[in-house]
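> Before I ask anything, let me first share the structure, which is written out below as structure tokens.
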Amino acid sequence: ETGVTQSPTHLIKTRGQQVTLRCSSQSGHNTVSWYQQALGQGPQFIFQYYREEENGRGNFPPRFSGLQFPNYSSELNVNALELDDSALYLCASSSAGTSTEAFFGQGTRLTVV
Amino acid sequence: DQQVKQNSPSLSVQEGRISILNCDYTNSMFDYFLWYKKYPAEGPTFLISISSIKDKNEDGRFTVFLNKSAKHLSLHIVPSQPGDSAVYFCAASDSNAGNMLTFGGGTRLMVKP
């Protein structure tokens, strides 16, 4: 059983650029959620994808967008990067309709300079 | 508006003693609660959960207690071990609103040998 994997692990971008982060969900899981964790804070929910459609969104602007593919992997795209977007981005997979436990990847550390 | 709060940013405990981590929530629609442990440079790891229909759930050294009237839950670790040193996050979800998790800010537990 493969776990949740994210790529890249670290990334440095310039303000105003665009970034794409990737996530492969755990085998058997059909739901992917993305979270942003700023330094010293708990993870904040960005959005969730189920069956390739957005299935809930947190308090993040439209420049945060995502995709889910038929194999349940997912991408998080952030346009017009701002310095405050610097954070650890976490992907979590779960199985809709069963338990609520979500299993997290190791995260992507994004630094915007 | 923080719906899930962990009011103690850090806790120091002697090896072998009990660790008690606390969490308060405000949203009465939350019906499922989880604890995650996070080491540096890793994603959160699921520890234990509890449904709102229960007031206690136990798994080995870890026990979670839920007091719905007080909107309070706690995680007890007995006996504490140095390997338990990590940041612990409390999370909550509303099963009618999908599997999205609302996290507290975390408590850093240090278990001293």
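Residues are referred to by chain and number: the chain letter is A, B, ... according to the order shown in the structure tokens, the number counts from 1 in that chain, and ligands are numbered separately from 1 in the order shown.
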Could I get the residues of chain A with an atom no further than 10 Å from an atom of chain B, each paired with its nearest atom pair and that distance in Å to one decimal, using only C-alpha atoms, sorted by chain and residue number, as CSV?

```
residue,atom,partner,partner_atom,distance
A:Val4,CA,B:Gly43,CA,9.6
A:Thr9,CA,B:Ala41,CA,9.4
A:Thr31,CA,B:Asn99,CA,8.8
A:Val32,CA,B:Asn99,CA,9.6
A:Ser33,CA,B:Met100,CA,7.3
A:Trp34,CA,B:Met100,CA,9.3
A:Tyr35,CA,B:Leu101,CA,9.2
A:Gln37,CA,B:Gly105,CA,9.8
A:Gly40,CA,B:Gly105,CA,7.4
A:Gln41,CA,B:Gly105,CA,4.8
A:Gly42,CA,B:Gly105,CA,4.2
A:Pro43,CA,B:Phe103,CA,6.1
A:Gln44,CA,B:Phe103,CA,6.8
A:Phe45,CA,B:Leu101,CA,6.8
A:Ile46,CA,B:Met100,CA,9.2
A:Phe47,CA,B:Met100,CA,8.1
A:Gln48,CA,B:Met100,CA,7.2
A:Tyr50,CA,B:Gly98,CA,9.9
A:Asn55,CA,B:Gly98,CA,7.7
A:Gly56,CA,B:Gly98,CA,7.4
A:Arg57,CA,B:Met100,CA,8.8
A:Gly58,CA,B:Met100,CA,9.0
A:Leu88,CA,B:Gly43,CA,9.4
A:Tyr89,CA,B:Gly43,CA,9.5
A:Leu90,CA,B:Gly43,CA,7.0
A:Cys91,CA,B:Gly43,CA,8.7
A:Ala92,CA,B:Gly43,CA,9.2
A:Ser93,CA,B:Asn99,CA,9.9
A:Ser94,CA,B:Asn99,CA,8.0
A:Ser95,CA,B:Asn99,CA,9.0
A:Ala96,CA,B:Asn99,CA,7.5
A:Gly97,CA,B:Gly98,CA,9.1
A:Thr98,CA,B:Asn99,CA,9.8
A:Ser99,CA,B:Asn99,CA,8.8
A:Thr100,CA,B:Asn99,CA,5.7
A:Glu101,CA,B:Phe46,CA,7.1
A:Ala102,CA,B:Phe46,CA,7.4
A:Phe103,CA,B:Phe46,CA,6.8
A:Phe104,CA,B:Gly43,CA,5.6
A:Gly105,CA,B:Gly43,CA,5.3
A:Gln106,CA,B:Gly43,CA,4.0
A:Gly107,CA,B:Gly43,CA,5.9
A:Thr108,CA,B:Gly43,CA,9.5
A:Arg109,CA,B:Ala41,CA,9.0
```
> Skipping near chain neighbours, those fewer than 3 positions away, what residues fall within 12 Å of Leu67 in chain A using only C-alpha atoms, listed as a VMD selection string?
chain A and resid 20 to 24 31 to 34 47 to 55 64 70 to 78
> Keeping N, CA and C atoms for every residue in the selection just given, could you write it to a file as a CSV table (one decimal), in the first residue's frame?

```csv
chain,number,residue,atom,x,y,z
A,20,THR,N,3.0,25.1,-9.5
A,20,THR,CA,2.1,23.9,-9.5
A,20,THR,C,2.8,22.9,-8.5
A,21,LEU,N,2.0,22.4,-7.6
A,21,LEU,CA,2.4,21.4,-6.6
A,21,LEU,C,1.6,20.1,-7.0
A,22,ARG,N,2.2,18.9,-6.7
A,22,ARG,CA,1.6,17.7,-7.1
A,22,ARG,C,1.5,16.7,-6.0
A,23,CYS,N,0.5,15.9,-6.1
A,23,CYS,CA,0.2,14.9,-5.0
A,23,CYS,C,-0.4,13.6,-5.6
A,24,SER,N,0.2,12.5,-5.1
A,24,SER,CA,-0.4,11.2,-5.5
A,24,SER,C,-1.1,10.7,-4.2
A,31,THR,N,-10.5,10.8,-2.5
A,31,THR,CA,-10.6,12.2,-2.2
A,31,THR,C,-9.3,12.8,-1.8
A,32,VAL,N,-9.0,14.0,-2.3
A,32,VAL,CA,-7.8,14.6,-2.0
A,32,VAL,C,-8.1,16.0,-1.5
A,33,SER,N,-7.5,16.4,-0.4
A,33,SER,CA,-7.6,17.7,0.2
A,33,SER,C,-6.3,18.4,0.3
A,34,TRP,N,-6.3,19.7,0.1
A,34,TRP,CA,-5.0,20.5,0.2
A,34,TRP,C,-5.1,21.4,1.4
A,47,PHE,N,-8.9,23.5,-0.3
A,47,PHE,CA,-10.0,22.9,-1.0
A,47,PHE,C,-9.9,21.3,-1.0
A,48,GLN,N,-11.0,20.7,-1.5
A,48,GLN,CA,-11.0,19.3,-1.6
A,48,GLN,C,-11.5,18.9,-2.9
A,49,TYR,N,-11.0,17.8,-3.5
A,49,TYR,CA,-11.4,17.2,-4.7
A,49,TYR,C,-12.0,15.8,-4.6
A,50,TYR,N,-13.1,15.5,-5.2
A,50,TYR,CA,-13.7,14.2,-5.2
A,50,TYR,C,-14.2,13.9,-6.6
A,51,ARG,N,-13.8,12.8,-7.1
A,51,ARG,CA,-14.3,12.5,-8.5
A,51,ARG,C,-14.0,13.6,-9.5
A,52,GLU,N,-12.8,14.2,-9.4
A,52,GLU,CA,-12.3,15.2,-10.3
A,52,GLU,C,-13.0,16.5,-10.2
A,53,GLU,N,-13.9,16.7,-9.2
A,53,GLU,CA,-14.5,18.0,-9.0
A,53,GLU,C,-14.2,18.6,-7.7
A,54,GLU,N,-14.2,19.9,-7.6
A,54,GLU,CA,-14.0,20.6,-6.3
A,54,GLU,C,-15.2,20.3,-5.4
A,55,ASN,N,-14.9,19.9,-4.2
A,55,ASN,CA,-16.0,19.4,-3.3
A,55,ASN,C,-15.9,20.1,-2.0
A,64,PHE,N,-5.9,30.5,-6.1
A,64,PHE,CA,-5.6,29.1,-5.6
A,64,PHE,C,-6.6,28.2,-6.4
A,70,PRO,N,-8.1,11.3,-13.2
A,70,PRO,CA,-8.9,10.0,-13.1
A,70,PRO,C,-8.2,9.0,-12.1
A,71,ASN,N,-6.9,9.1,-12.0
A,71,ASN,CA,-6.2,8.2,-11.0
A,71,ASN,C,-6.2,8.7,-9.6
A,72,TYR,N,-6.9,9.8,-9.4
A,72,TYR,CA,-7.1,10.4,-8.1
A,72,TYR,C,-5.9,11.3,-7.6
A,73,SER,N,-4.9,11.4,-8.4
A,73,SER,CA,-3.8,12.3,-8.1
A,73,SER,C,-4.3,13.7,-8.3
A,74,SER,N,-3.6,14.7,-7.8
A,74,SER,CA,-4.1,16.0,-7.8
A,74,SER,C,-2.9,17.1,-7.9
A,75,GLU,N,-3.3,18.2,-8.4
A,75,GLU,CA,-2.4,19.4,-8.5
A,75,GLU,C,-3.0,20.6,-7.7
A,76,LEU,N,-2.1,21.4,-7.1
A,76,LEU,CA,-2.5,22.7,-6.6
A,76,LEU,C,-1.8,23.7,-7.4
A,77,ASN,N,-2.5,24.7,-7.9
A,77,ASN,CA,-1.9,25.8,-8.7
A,77,ASN,C,-2.1,27.1,-7.9
A,78,VAL,N,-1.1,27.9,-7.8
A,78,VAL,CA,-1.2,29.2,-7.2
A,78,VAL,C,-0.6,30.2,-8.2
```
> Tell me, which residues of range 4-102 of chain B carry DSSP helix (DSSP H, G or I), written as a list in words?
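Answer for range 4-102 of chain B, restricted to helix (DSSP H, G or I): Pro82, Gly83, Asp84, Ser95, Asn96 and Ala97 of chain B.
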> Please give the complete set of residues from range 28-71 of chain A that DSSP, run on the backbone, assigns to strand (DSSP E), formatted as a PyMOL selection string.
chain A and resi 31-37+44-50+53-57+64-68
> Can those selected residues be exported to a file as a tab-separated table (two decimals), in the first residue's frame so that it contains N, CA, C and O atoms?

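Generated file (selection16.tsv):
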```tsv
chain	number	residue	atom	x	y	z
A	31	THR	N	-10.46	10.75	-2.54
A	31	THR	CA	-10.65	12.16	-2.17
A	31	THR	C	-9.30	12.76	-1.79
A	31	THR	O	-8.54	12.15	-1.04
A	32	VAL	N	-9.04	13.95	-2.32
A	32	VAL	CA	-7.79	14.65	-2.02
A	32	VAL	C	-8.11	16.04	-1.49
A	32	VAL	O	-8.93	16.75	-2.07
A	33	SER	N	-7.46	16.40	-0.40
A	33	SER	CA	-7.62	17.73	0.18
A	33	SER	C	-6.26	18.40	0.25
A	33	SER	O	-5.24	17.73	0.44
A	34	TRP	N	-6.26	19.71	0.12
A	34	TRP	CA	-5.03	20.50	0.22
A	34	TRP	C	-5.14	21.44	1.42
A	34	TRP	O	-6.20	22.04	1.67
A	35	TYR	N	-4.02	21.57	2.12
A	35	TYR	CA	-3.94	22.45	3.29
A	35	TYR	C	-2.69	23.32	3.19
A	35	TYR	O	-1.66	22.90	2.66
A	36	GLN	N	-2.81	24.52	3.75
A	36	GLN	CA	-1.66	25.41	3.85
A	36	GLN	C	-1.30	25.54	5.33
A	36	GLN	O	-2.17	25.83	6.16
A	37	GLN	N	-0.03	25.30	5.65
A	37	GLN	CA	0.40	25.46	7.03
A	37	GLN	C	1.47	26.55	7.11
A	37	GLN	O	2.62	26.34	6.69
A	44	GLN	N	-4.41	24.91	7.38
A	44	GLN	CA	-5.69	25.52	7.02
A	44	GLN	C	-6.18	24.90	5.72
A	44	GLN	O	-5.43	24.83	4.74
A	45	PHE	N	-7.45	24.55	5.70
A	45	PHE	CA	-8.06	23.88	4.55
A	45	PHE	C	-8.16	24.83	3.37
A	45	PHE	O	-8.69	25.94	3.49
A	46	ILE	N	-7.63	24.37	2.20
A	46	ILE	CA	-7.72	25.17	0.98
A	46	ILE	C	-8.92	24.71	0.16
A	46	ILE	O	-9.84	25.48	-0.10
A	47	PHE	N	-8.90	23.45	-0.28
A	47	PHE	CA	-10.04	22.85	-0.99
A	47	PHE	C	-9.89	21.35	-1.02
A	47	PHE	O	-8.85	20.79	-0.63
A	48	GLN	N	-10.96	20.71	-1.48
A	48	GLN	CA	-11.01	19.26	-1.57
A	48	GLN	C	-11.53	18.86	-2.94
A	48	GLN	O	-12.40	19.53	-3.50
A	49	TYR	N	-10.99	17.76	-3.46
A	49	TYR	CA	-11.45	17.23	-4.74
A	49	TYR	C	-11.95	15.80	-4.57
A	49	TYR	O	-11.33	14.98	-3.89
A	50	TYR	N	-13.08	15.54	-5.18
A	50	TYR	CA	-13.69	14.20	-5.16
A	50	TYR	C	-14.23	13.94	-6.55
A	50	TYR	O	-14.97	14.75	-7.10
A	53	GLU	N	-13.86	16.72	-9.17
A	53	GLU	CA	-14.54	18.00	-9.02
A	53	GLU	C	-14.25	18.60	-7.65
A	53	GLU	O	-14.09	17.86	-6.67
A	54	GLU	N	-14.21	19.92	-7.59
A	54	GLU	CA	-14.02	20.59	-6.31
A	54	GLU	C	-15.23	20.31	-5.43
A	54	GLU	O	-16.38	20.53	-5.83
A	55	ASN	N	-14.95	19.88	-4.21
A	55	ASN	CA	-16.01	19.44	-3.30
A	55	ASN	C	-15.88	20.15	-1.95
A	55	ASN	O	-15.91	19.54	-0.92
A	56	GLY	N	-15.71	21.44	-1.99
A	56	GLY	CA	-15.55	22.22	-0.76
A	56	GLY	C	-14.31	23.08	-0.86
A	56	GLY	O	-13.30	22.67	-1.44
A	57	ARG	N	-14.41	24.29	-0.35
A	57	ARG	CA	-13.33	25.24	-0.45
A	57	ARG	C	-13.26	26.06	0.83
A	57	ARG	O	-14.29	26.45	1.38
A	64	PHE	N	-5.86	30.47	-6.05
A	64	PHE	CA	-5.56	29.09	-5.63
A	64	PHE	C	-6.56	28.18	-6.36
A	64	PHE	O	-7.78	28.30	-6.16
A	65	SER	N	-6.05	27.31	-7.22
A	65	SER	CA	-6.93	26.42	-7.96
A	65	SER	C	-6.34	25.02	-7.97
A	65	SER	O	-5.18	24.83	-7.62
A	66	GLY	N	-7.16	24.08	-8.38
A	66	GLY	CA	-6.67	22.71	-8.35
A	66	GLY	C	-7.26	21.84	-9.42
A	66	GLY	O	-8.16	22.25	-10.18
A	67	LEU	N	-6.73	20.63	-9.47
A	67	LEU	CA	-7.24	19.61	-10.40
A	67	LEU	C	-7.14	18.27	-9.71
A	67	LEU	O	-6.24	18.04	-8.90
A	68	GLN	N	-8.06	17.37	-10.08
A	68	GLN	CA	-7.89	15.97	-9.70
A	68	GLN	C	-8.00	15.15	-10.98
A	68	GLN	O	-8.87	15.41	-11.83
```
> Would you compute the distance between CA of Asn57 in chain B and CA of Val111 in chain B? Give it in Å to one decimal.
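That distance, rounded to one decimal, is 22.8 Å.
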> Taking 6 positions as the minimum chain separation for residues in the same chain, which residues sit within 10 Å of Val113 in chain A when counting only C-alpha atoms? Answer as a ChimeraX atom specification.
/A:12-16,81-86
> For the residues in that selection, give me C-alpha atoms as a PDB file, in the first residue's frame.

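part38.pdb written:
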```pdb
ATOM      1  CA  ILE A  12      11.597  28.819  -4.219  1.00  0.00           C
ATOM      2  CA  LYS A  13       9.599  31.195  -6.390  1.00  0.00           C
ATOM      3  CA  THR A  14       9.567  34.918  -7.036  1.00  0.00           C
ATOM      4  CA  ARG A  15       6.611  37.121  -6.174  1.00  0.00           C
ATOM      5  CA  GLY A  16       4.167  37.258  -9.085  1.00  0.00           C
ATOM      6  CA  LEU A  81       2.386  34.455  -5.862  1.00  0.00           C
ATOM      7  CA  GLU A  82       2.588  36.730  -2.843  1.00  0.00           C
ATOM      8  CA  LEU A  83       5.141  36.718  -0.038  1.00  0.00           C
ATOM      9  CA  ASP A  84       2.435  35.489   2.384  1.00  0.00           C
ATOM     10  CA  ASP A  85       2.000  32.364   0.268  1.00  0.00           C
ATOM     11  CA  SER A  86       5.244  31.089   1.754  1.00  0.00           C
TER      12      SER A  86
END
```
> Would you mind reading off the distance between CA of Ala87 in chain A and CA of Leu110 in chain A, one decimal, in Å?
5.5 Å
> Could you work out how far CA of Asp84 in chain B lies from CA of Lys37 in chain B, giving the answer in Å with one decimal?
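Rounded to one decimal, the two atoms are 8.6 Å apart.
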